[in-house]
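The data block below is upload-v2.txt; it holds compact mmCIF, C-alpha atoms.
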# COMPACT_ATOMS: atom_id res chain seq x y z
CA MET A 5 -4.76 -38.69 12.57
CA ASN A 6 -2.39 -40.60 14.81
CA LYS A 7 0.51 -38.24 14.20
CA PRO A 8 1.22 -34.71 15.46
CA ILE A 9 0.12 -31.90 13.15
CA ALA A 10 2.17 -28.81 12.34
CA GLY A 11 0.01 -25.91 11.21
CA TRP A 12 1.90 -23.34 9.13
CA ASP A 13 0.91 -19.79 8.26
CA ILE A 14 3.55 -18.52 5.86
CA GLY A 15 3.34 -14.76 5.40
CA GLY A 16 5.42 -12.16 3.69
CA ALA A 17 7.01 -10.94 6.92
CA HIS A 18 6.56 -13.80 9.42
CA VAL A 19 6.22 -17.56 9.54
CA LYS A 20 3.91 -18.89 12.26
CA LEU A 21 3.74 -22.44 13.55
CA ALA A 22 1.20 -24.22 15.76
CA LEU A 23 2.05 -27.76 16.76
CA LEU A 24 -0.70 -30.15 17.90
CA ASN A 25 -0.25 -33.59 19.40
CA ALA A 26 -2.28 -36.56 18.13
CA SER A 27 -5.03 -35.74 20.65
CA GLY A 28 -5.51 -32.22 19.30
CA GLN A 29 -3.80 -30.33 22.11
CA ILE A 30 -1.49 -27.44 21.31
CA ILE A 31 2.01 -28.29 22.47
CA ALA A 32 3.89 -25.39 20.89
CA VAL A 33 3.27 -22.09 19.12
CA ALA A 34 6.00 -20.00 17.53
CA GLN A 35 6.50 -17.03 15.26
CA GLN A 36 9.63 -15.93 13.49
CA ALA A 37 10.40 -12.96 11.27
CA CYS A 38 10.96 -13.98 7.66
CA PRO A 39 11.41 -11.21 5.07
CA LEU A 40 10.20 -13.37 2.20
CA TRP A 41 10.09 -10.38 -0.13
CA LYS A 42 13.90 -10.55 -0.18
CA GLY A 43 13.84 -14.07 -1.59
CA VAL A 44 12.79 -17.68 -0.95
CA ASP A 45 16.14 -18.39 0.71
CA TYR A 46 14.80 -16.58 3.78
CA LEU A 47 11.91 -19.02 3.97
CA HIS A 48 14.30 -21.95 3.72
CA ARG A 49 16.36 -20.54 6.60
CA THR A 50 13.26 -20.08 8.74
CA LEU A 51 11.97 -23.59 8.07
CA THR A 52 15.40 -24.98 8.90
CA GLU A 53 15.45 -23.08 12.19
CA PHE A 54 11.96 -24.28 13.14
CA ALA A 55 12.95 -27.85 12.30
CA GLY A 56 15.90 -27.45 14.65
CA GLN A 57 13.72 -26.13 17.49
CA PHE A 58 10.88 -28.66 17.22
CA ASP A 59 10.51 -32.33 16.35
CA LEU A 60 8.65 -31.93 13.07
CA GLN A 61 9.81 -34.80 10.89
CA ASP A 62 7.14 -37.18 12.16
CA CYS A 63 4.34 -34.61 11.72
CA HIS A 64 1.65 -34.07 9.17
CA HIS A 65 1.96 -30.52 7.84
CA ALA A 66 -1.03 -28.27 7.12
CA VAL A 67 -0.07 -25.15 5.19
CA THR A 68 -1.78 -21.84 4.57
CA MET A 69 -0.19 -18.64 3.35
CA THR A 70 -0.24 -14.98 2.40
CA GLY A 71 3.39 -14.75 1.34
CA GLU A 72 2.64 -15.50 -2.30
CA LEU A 73 1.97 -11.77 -2.81
CA VAL A 74 5.47 -10.50 -1.94
CA ASP A 75 7.70 -8.59 -4.32
CA CYS A 76 10.00 -11.46 -5.29
CA PHE A 77 7.14 -13.27 -7.07
CA THR A 78 5.65 -12.01 -10.33
CA SER A 79 2.29 -13.72 -9.77
CA ARG A 80 0.32 -15.46 -7.05
CA GLU A 81 0.65 -18.75 -8.91
CA GLN A 82 4.44 -18.46 -8.89
CA GLY A 83 4.39 -17.56 -5.21
CA VAL A 84 2.12 -20.43 -4.19
CA LYS A 85 4.25 -22.94 -6.08
CA ALA A 86 7.48 -21.61 -4.59
CA ILE A 87 6.16 -21.68 -1.01
CA VAL A 88 4.72 -25.19 -1.32
CA GLN A 89 7.94 -26.40 -2.91
CA ALA A 90 9.99 -24.90 -0.09
CA VAL A 91 7.92 -26.72 2.54
CA CYS A 92 8.28 -29.99 0.61
CA GLU A 93 12.06 -29.63 0.49
CA HIS A 94 12.15 -29.65 4.30
CA PHE A 95 9.43 -32.18 5.14
CA ASP A 96 7.97 -35.38 3.72
CA VAL A 97 5.88 -34.35 0.70
CA GLU A 98 3.44 -37.20 1.39
CA ARG A 99 2.55 -35.55 4.71
CA VAL A 100 2.03 -32.01 3.40
CA MET A 101 -1.57 -30.75 3.03
CA VAL A 102 -2.33 -27.35 1.52
CA PHE A 103 -5.39 -25.36 2.58
CA THR A 104 -7.70 -24.32 -0.27
CA GLY A 105 -10.37 -22.45 1.66
CA LEU A 106 -13.92 -23.78 1.41
CA ARG A 107 -12.63 -26.75 -0.60
CA GLY A 108 -10.60 -28.04 2.32
CA PHE A 109 -7.15 -29.49 1.77
CA LEU A 110 -5.24 -30.84 -1.20
CA SER A 111 -2.18 -33.01 -1.18
CA VAL A 112 0.77 -31.56 -3.06
CA ALA A 113 0.28 -34.07 -5.87
CA GLN A 114 -3.33 -32.91 -6.34
CA ILE A 115 -2.54 -29.20 -6.77
CA GLN A 116 -3.19 -27.82 -10.26
CA PRO A 117 -2.43 -24.28 -11.53
CA ALA A 118 -6.14 -23.41 -11.24
CA ASP A 119 -6.02 -24.19 -7.51
CA CYS A 120 -3.50 -21.47 -6.74
CA MET A 121 -6.06 -18.68 -6.39
CA ASP A 122 -7.93 -20.73 -3.78
CA ILE A 123 -4.69 -21.34 -1.90
CA ALA A 124 -3.47 -17.74 -2.09
CA SER A 125 -4.11 -15.55 0.97
CA ALA A 126 -6.66 -17.95 2.46
CA ASN A 127 -5.26 -18.00 6.00
CA TRP A 128 -8.11 -15.82 7.35
CA LEU A 129 -10.62 -18.37 6.08
CA ALA A 130 -9.03 -21.14 8.14
CA SER A 131 -9.50 -19.09 11.30
CA LEU A 132 -13.06 -18.16 10.36
CA LEU A 133 -14.09 -21.74 9.60
CA LEU A 134 -12.84 -22.87 13.00
CA VAL A 135 -14.67 -20.07 14.81
CA ALA A 136 -17.86 -20.89 12.88
CA LYS A 137 -17.67 -24.48 14.11
CA ARG A 138 -17.37 -23.31 17.72
CA LEU A 139 -19.77 -20.33 17.85
CA PRO A 140 -23.13 -19.67 16.20
CA ASN A 141 -22.80 -15.89 15.96
CA ALA A 142 -19.57 -13.93 15.97
CA LEU A 143 -17.64 -11.02 14.59
CA PHE A 144 -14.13 -12.38 14.15
CA VAL A 145 -11.49 -9.63 14.40
CA ASP A 146 -7.87 -10.62 13.83
CA ILE A 147 -5.57 -7.62 14.35
CA GLY A 148 -2.07 -8.55 13.31
CA SER A 149 1.23 -6.84 12.77
CA THR A 150 0.24 -5.62 9.31
CA THR A 151 -3.44 -6.22 8.57
CA THR A 152 -6.83 -6.64 10.25
CA ASP A 153 -9.51 -9.17 9.24
CA ILE A 154 -13.12 -8.38 10.22
CA LEU A 155 -15.56 -11.18 9.42
CA LEU A 156 -19.12 -12.05 10.32
CA ILE A 157 -20.63 -15.42 11.31
CA GLU A 158 -24.37 -16.02 11.77
CA LYS A 159 -25.97 -19.35 12.72
CA HIS A 160 -22.60 -21.05 12.19
CA GLN A 161 -22.56 -19.78 8.58
CA LEU A 162 -19.94 -17.50 7.07
CA LYS A 163 -21.40 -14.14 6.05
CA VAL A 164 -18.45 -13.32 3.81
CA GLN A 165 -18.75 -10.75 1.05
CA GLY A 166 -15.34 -11.28 -0.54
CA PHE A 167 -12.77 -14.05 -0.87
CA THR A 168 -9.87 -12.44 -2.74
CA ASP A 169 -7.75 -9.65 -1.31
CA TYR A 170 -9.31 -7.26 -3.82
CA GLN A 171 -12.87 -8.25 -2.91
CA ARG A 172 -12.15 -8.05 0.82
CA LEU A 173 -10.57 -4.61 0.56
CA VAL A 174 -13.69 -3.46 -1.30
CA SER A 175 -16.03 -5.01 1.30
CA GLY A 176 -14.03 -3.69 4.24
CA GLU A 177 -13.47 -7.19 5.59
CA LEU A 178 -9.73 -6.65 5.11
CA VAL A 179 -8.37 -3.44 6.59
CA TYR A 180 -4.71 -2.83 5.84
CA THR A 181 -3.63 -1.70 9.28
CA GLY A 182 -1.69 -3.46 12.03
CA ILE A 183 0.05 -2.71 15.29
CA ILE A 184 3.68 -3.36 14.33
CA ARG A 185 4.62 -2.78 10.69
CA THR A 186 2.08 -0.17 9.62
CA ALA A 187 3.65 3.23 8.98
CA VAL A 188 2.24 5.97 11.19
CA MET A 189 1.73 8.14 8.12
CA ALA A 190 -0.81 5.55 6.89
CA ILE A 191 -2.84 6.02 10.08
CA ALA A 192 -2.62 9.78 10.45
CA PRO A 193 -1.86 12.16 7.59
CA ASP A 194 -2.86 14.77 10.16
CA ALA A 195 -3.22 14.65 13.93
CA GLU A 196 -3.43 16.67 17.09
CA PHE A 197 -0.06 17.39 18.64
CA ASN A 198 1.03 19.76 21.37
CA GLY A 199 -2.51 21.05 21.75
CA GLN A 200 -3.24 21.88 18.12
CA PRO A 201 -4.21 20.12 14.88
CA MET A 202 -1.52 19.81 12.24
CA GLY A 203 -0.46 17.90 9.18
CA LEU A 204 2.21 15.24 9.63
CA MET A 205 5.19 14.54 7.41
CA ALA A 206 4.33 11.79 4.91
CA GLU A 207 7.62 9.98 5.42
CA TYR A 208 8.46 6.52 6.70
CA PHE A 209 9.79 7.89 9.97
CA ALA A 210 7.91 5.69 12.46
CA THR A 211 5.69 2.62 12.70
CA MET A 212 2.79 1.73 14.96
CA ALA A 213 5.20 -0.38 17.03
CA ASP A 214 6.69 2.93 18.17
CA VAL A 215 3.22 4.13 19.16
CA TYR A 216 2.43 1.03 21.20
CA ARG A 217 5.86 0.98 22.79
CA LEU A 218 5.10 4.45 24.15
CA THR A 219 1.55 3.59 25.25
CA GLY A 220 2.86 0.49 27.05
CA ASP A 221 0.70 -1.93 25.04
CA LEU A 222 3.43 -3.58 22.99
CA ASN A 223 4.60 -7.08 23.83
CA GLU A 224 8.20 -6.94 22.64
CA ALA A 225 8.08 -10.66 21.76
CA HIS A 226 5.55 -9.74 19.06
CA ASP A 227 7.77 -7.05 17.53
CA GLN A 228 10.09 -8.92 15.22
CA SER A 229 10.34 -6.26 12.51
CA ASP A 230 13.03 -3.65 11.95
CA THR A 231 12.38 -0.11 13.09
CA ALA A 232 11.88 2.59 10.48
CA ASP A 233 15.38 4.00 11.00
CA GLY A 234 17.10 0.75 11.95
CA ALA A 235 17.80 2.10 15.44
CA GLU A 236 17.04 0.48 18.79
CA LYS A 237 13.64 -0.52 20.14
CA SER A 238 13.52 1.64 23.25
CA VAL A 239 10.94 4.12 24.51
CA LEU A 240 13.21 7.08 23.84
CA ALA A 241 14.14 5.86 20.36
CA SER A 242 10.44 5.41 19.57
CA ALA A 243 9.68 8.93 20.82
CA ARG A 244 12.47 10.30 18.65
CA ARG A 245 11.06 8.54 15.58
CA LEU A 246 7.57 9.92 16.27
CA SER A 247 9.00 13.41 16.71
CA ARG A 248 10.28 13.40 13.13
CA LEU A 249 6.70 13.23 11.86
CA THR A 250 5.92 16.56 13.53
CA GLY A 251 9.06 18.56 12.81
CA TYR A 252 9.18 19.34 16.54
CA GLU A 253 12.69 19.17 17.98
CA PHE A 254 13.12 16.09 20.15
CA CYS A 255 14.12 16.45 23.78
CA GLU A 256 14.13 13.65 26.34
CA SER A 257 12.44 15.85 28.92
CA ASP A 258 9.42 16.09 26.59
CA LEU A 259 8.63 12.37 26.94
CA PRO A 260 5.12 13.08 28.37
CA LEU A 261 4.39 15.05 25.21
CA TRP A 262 5.34 12.10 23.02
CA ARG A 263 3.35 9.66 25.16
CA ALA A 264 0.28 11.87 24.72
CA PHE A 265 0.92 11.97 20.97
CA ALA A 266 1.15 8.17 20.92
CA GLU A 267 -2.17 7.86 22.75
CA HIS A 268 -3.74 10.14 20.15
CA LEU A 269 -2.37 7.99 17.31
CA LYS A 270 -3.60 4.84 19.06
CA ALA A 271 -7.10 6.36 19.21
CA LYS A 272 -6.97 7.06 15.49
CA GLN A 273 -6.13 3.46 14.67
CA ILE A 274 -8.79 2.15 17.05
CA ASP A 275 -11.36 4.38 15.36
CA LYS A 276 -10.36 3.09 11.92
CA ILE A 277 -10.87 -0.51 13.03
CA TYR A 278 -14.01 0.34 15.04
CA GLN A 279 -15.68 1.91 12.01
CA ALA A 280 -14.91 -1.19 9.93
CA CYS A 281 -16.30 -3.45 12.68
CA ALA A 282 -19.45 -1.35 12.99
CA ARG A 283 -20.07 -1.66 9.24
CA GLN A 284 -19.90 -5.45 9.44
CA ILE A 285 -22.12 -5.67 12.52
CA ARG A 286 -24.79 -3.61 10.77
CA LEU A 287 -25.08 -6.49 8.30
CA ALA A 288 -26.03 -8.91 11.07
CA GLY A 289 -29.61 -9.91 11.66
CA ASP A 290 -29.35 -10.25 15.45
CA HIS A 291 -26.81 -7.85 16.92
CA ALA A 292 -27.45 -8.97 20.49
CA ALA A 293 -26.36 -12.53 19.80
CA ILE A 294 -22.93 -11.58 18.46
CA LYS A 295 -19.69 -12.05 20.35
CA LEU A 296 -16.57 -10.30 19.14
CA VAL A 297 -13.81 -12.91 18.92
CA GLY A 298 -10.37 -11.31 19.11
CA ALA A 299 -7.22 -12.77 17.61
CA GLY A 300 -3.81 -11.54 16.54
CA VAL A 301 -1.03 -9.72 18.34
CA GLY A 302 -3.13 -6.55 18.36
CA ARG A 303 -6.28 -8.04 19.87
CA PHE A 304 -5.88 -5.85 22.95
CA LEU A 305 -7.52 -3.23 20.72
CA ALA A 306 -10.39 -5.61 19.94
CA ARG A 307 -11.37 -5.76 23.62
CA ASP A 308 -11.88 -1.98 23.68
CA ILE A 309 -13.74 -2.07 20.37
CA ALA A 310 -16.10 -4.78 21.66
CA TRP A 311 -16.90 -2.58 24.64
CA ASP A 312 -17.59 0.42 22.39
CA LEU A 313 -19.81 -1.70 20.15
CA GLY A 314 -21.76 -3.03 23.12
CA VAL A 315 -20.99 -6.70 22.44
CA ASP A 316 -19.30 -9.38 24.53
CA TYR A 317 -15.61 -10.08 23.96
CA LEU A 318 -14.17 -13.58 23.64
CA ASP A 319 -10.51 -14.37 23.14
CA PHE A 320 -9.70 -16.84 20.37
CA THR A 321 -7.78 -18.99 22.87
CA GLU A 322 -11.02 -19.62 24.76
CA LEU A 323 -12.28 -21.60 21.76
CA LEU A 324 -9.40 -24.05 22.04
CA PRO A 325 -8.36 -26.63 24.65
CA ALA A 326 -6.55 -25.10 27.62
CA THR A 327 -3.09 -23.85 26.72
CA ASP A 328 -0.24 -22.31 28.70
CA LYS A 329 -1.27 -18.67 29.11
CA ASN A 330 2.24 -17.69 30.22
CA GLN A 331 3.71 -18.13 26.75
CA THR A 332 4.89 -14.94 25.04
CA ILE A 333 3.39 -16.24 21.76
CA ASP A 334 0.06 -18.07 21.98
CA ALA A 335 -2.51 -19.66 19.68
CA ALA A 336 -4.50 -16.43 19.28
CA ASP A 337 -1.35 -14.62 18.12
CA CYS A 338 -1.02 -17.24 15.39
CA ALA A 339 -4.70 -18.02 14.84
CA PRO A 340 -4.51 -19.17 11.18
CA ALA A 341 -1.66 -21.58 11.97
CA ALA A 342 -3.61 -23.05 14.89
CA ALA A 343 -6.85 -23.15 12.90
CA VAL A 344 -5.37 -24.87 9.86
CA ALA A 345 -3.85 -27.54 12.12
CA TYR A 346 -7.19 -28.15 13.88
CA LEU A 347 -9.08 -28.31 10.59
CA ALA A 348 -6.56 -30.67 9.00
CA GLY A 349 -6.67 -32.95 12.02
CA GLY A 350 -10.45 -33.09 12.11
CA PHE A 351 -10.54 -31.42 15.52
CA GLY A 352 -12.81 -28.58 14.35
Using structure tokens, write down the structure that the file contains.
Amino acid sequence: MNKPIAGWDIGGAHVKLALLNASGQIIAVAQQACPLWKGVDYLHRTLTEFAGQFDLQDCHHAVTMTGELVDCFTSREQGVKAIVQAVCEHFDVERVMVFTGLRGFLSVAQIQPADCMDIASANWLASLLLVAKRLPNALFVDIGSTTTDILLIEKHQLKVQGFTDYQRLVSGELVYTGIIRTAVMAIAPDAEFNGQPMGLMAEYFATMADVYRLTGDLNEAHDQSDTADGAEKSVLASARRLSRLTGYEFCESDLPLWRAFAEHLKAKQIDKIYQACARQIRLAGDHAAIKLVGAGVGRFLARDIAWDLGVDYLDFTELLPATDKNQTIDAADCAPAAAVAYLAGGFG
């Protein structure tokens, strides 16, 4: 293509954009919160804001999504149609391509109702196809704000057991845990706190963003979601939210106690993802040849998991042309958006 390409990953909570120039170099990556479950108007606002920040009118647009599953849609088909229509209302419909997984891309005019299931929640497949073009053997682990994808590649071939959300939850290739939006109660119905095991309150008192704010791992630029109580995003506020899970009275002087609790909760989430990774690696024929490729805003966990698994770690950005590593949001944070742009442009 002789035009820039905008890769879009339209989710239920965020919209991610990766912008490539005509030579296939990433010139911009961005993420913005978009509570699509509240209505399509939020998507329109987000697309308008992106169009104001970047020169997108002359671009080809490659679109993938997961947002079709949100509450405001009664079916995936309705969601897919609404998201595609929203993109077309902001950009030239003749330049919009929609990702359909292994089938590649369809123009908007080519999309039929039967295509919607191939379009729905296929963003992980864009990332995986790109990795498979670049590496012969890999375990691709994309740890995001809400979910984790764990997928195997051998001899440049996808070793995928499931393609729908249902199938991938059954196979363990989709683990519904992330480092920002996941409720702590989903990670730890019980835990060790203050030197003893205990059950935790099954209430939406805190999220994993609170945990990683206390452990010092959280990049605040990645945390674009509301807190559980709507209060501020500070270390003390996060400690206070975690304290509610335990019933233990909060006191600022007890901050070391809450940091230790956060480290314990971090270990629980790491173990959950590690076990899922180990299950996938056991399916590989040659374990020694595998590299763990980390993507997503939570890929700092993937580095530790690779070490525990005894495999080499490779960051998703290392598979792409050199990009500015000083950006707060990079291509690995928005891997499906970057991948769908590369695939659409023939740069795979």
Tell me, counting only C-alpha atoms, for each residue of range 69-104 of chain A within 9 Å of range 30-46 of chain A, which pair of atoms is nearest and how far apart they are in Å to one decimal, in rows ordered by chain and increasing number, as JSON lines.
{"residue": "A:Gly71", "atom": "CA", "partner": "A:Leu40", "partner_atom": "CA", "distance": 7.0}
{"residue": "A:Leu73", "atom": "CA", "partner": "A:Trp41", "partner_atom": "CA", "distance": 8.7}
{"residue": "A:Val74", "atom": "CA", "partner": "A:Trp41", "partner_atom": "CA", "distance": 5.0}
{"residue": "A:Asp75", "atom": "CA", "partner": "A:Trp41", "partner_atom": "CA", "distance": 5.1}
{"residue": "A:Cys76", "atom": "CA", "partner": "A:Trp41", "partner_atom": "CA", "distance": 5.3}
{"residue": "A:Phe77", "atom": "CA", "partner": "A:Trp41", "partner_atom": "CA", "distance": 8.1}
{"residue": "A:Ala86", "atom": "CA", "partner": "A:Val44", "partner_atom": "CA", "distance": 7.5}
{"residue": "A:Ile87", "atom": "CA", "partner": "A:Val44", "partner_atom": "CA", "distance": 7.7}
{"residue": "A:Ala90", "atom": "CA", "partner": "A:Val44", "partner_atom": "CA", "distance": 7.8}
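The space between CA of Glu177 in chain A and CA of His226 in chain A spans 23.4 Å.
Compared by their closest atoms to Ala126 in chain A, and using only C-alpha atoms, the residues A:Met101, A:Val344, A:Leu218, A:Leu246 rank with A:Val344 nearest.
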> Taking (4.3, 13.6, 14.7) in the file's coordinates, which residues come within 8 Å, counting only C-alpha atoms, written as a PyMOL selection string?
Replying inline: chain A and resi 195+197+204-205+246-252+265
>> So the first atom is CA of Thr181 in chain A and the second is CA of Lys276 in chain A; what is the distance between them in Å, to one decimal place?
In response: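 Separating CA of Thr181 in chain A from CA of Lys276 in chain A is a distance of 8.7 Å.
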> Hey, which of A:Met69, A:Leu305, A:Leu60, A:Leu47 ends up closest to Ala124 in chain A? Count only C-alpha atoms.
Replying inline: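 Looking only at the distances to Ala124 in chain A, the closest residue turns out to be A:Met69.
For the residues A:Val297, A:Leu106, A:Val91, A:Leu222, ranking by smallest atom-to-atom distance to Ile183 in chain A using only C-alpha atoms places A:Leu222 first.
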>> Measuring between only C-alpha atoms, which one of A:Val102, A:Ile309, A:Val112, A:Leu347 shows the shortest distance to Ser131 in chain A?
In response: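 Of A:Val102, A:Ile309, A:Val112, A:Leu347, the one nearest Ser131 in chain A is A:Leu347, counting only C-alpha atoms.
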> Of the residues A:Tyr170, A:Tyr180, A:Tyr216, A:Phe58, which is the one nearest to Asp153 in chain A, using only C-alpha atoms?
Replying inline: A:Tyr180
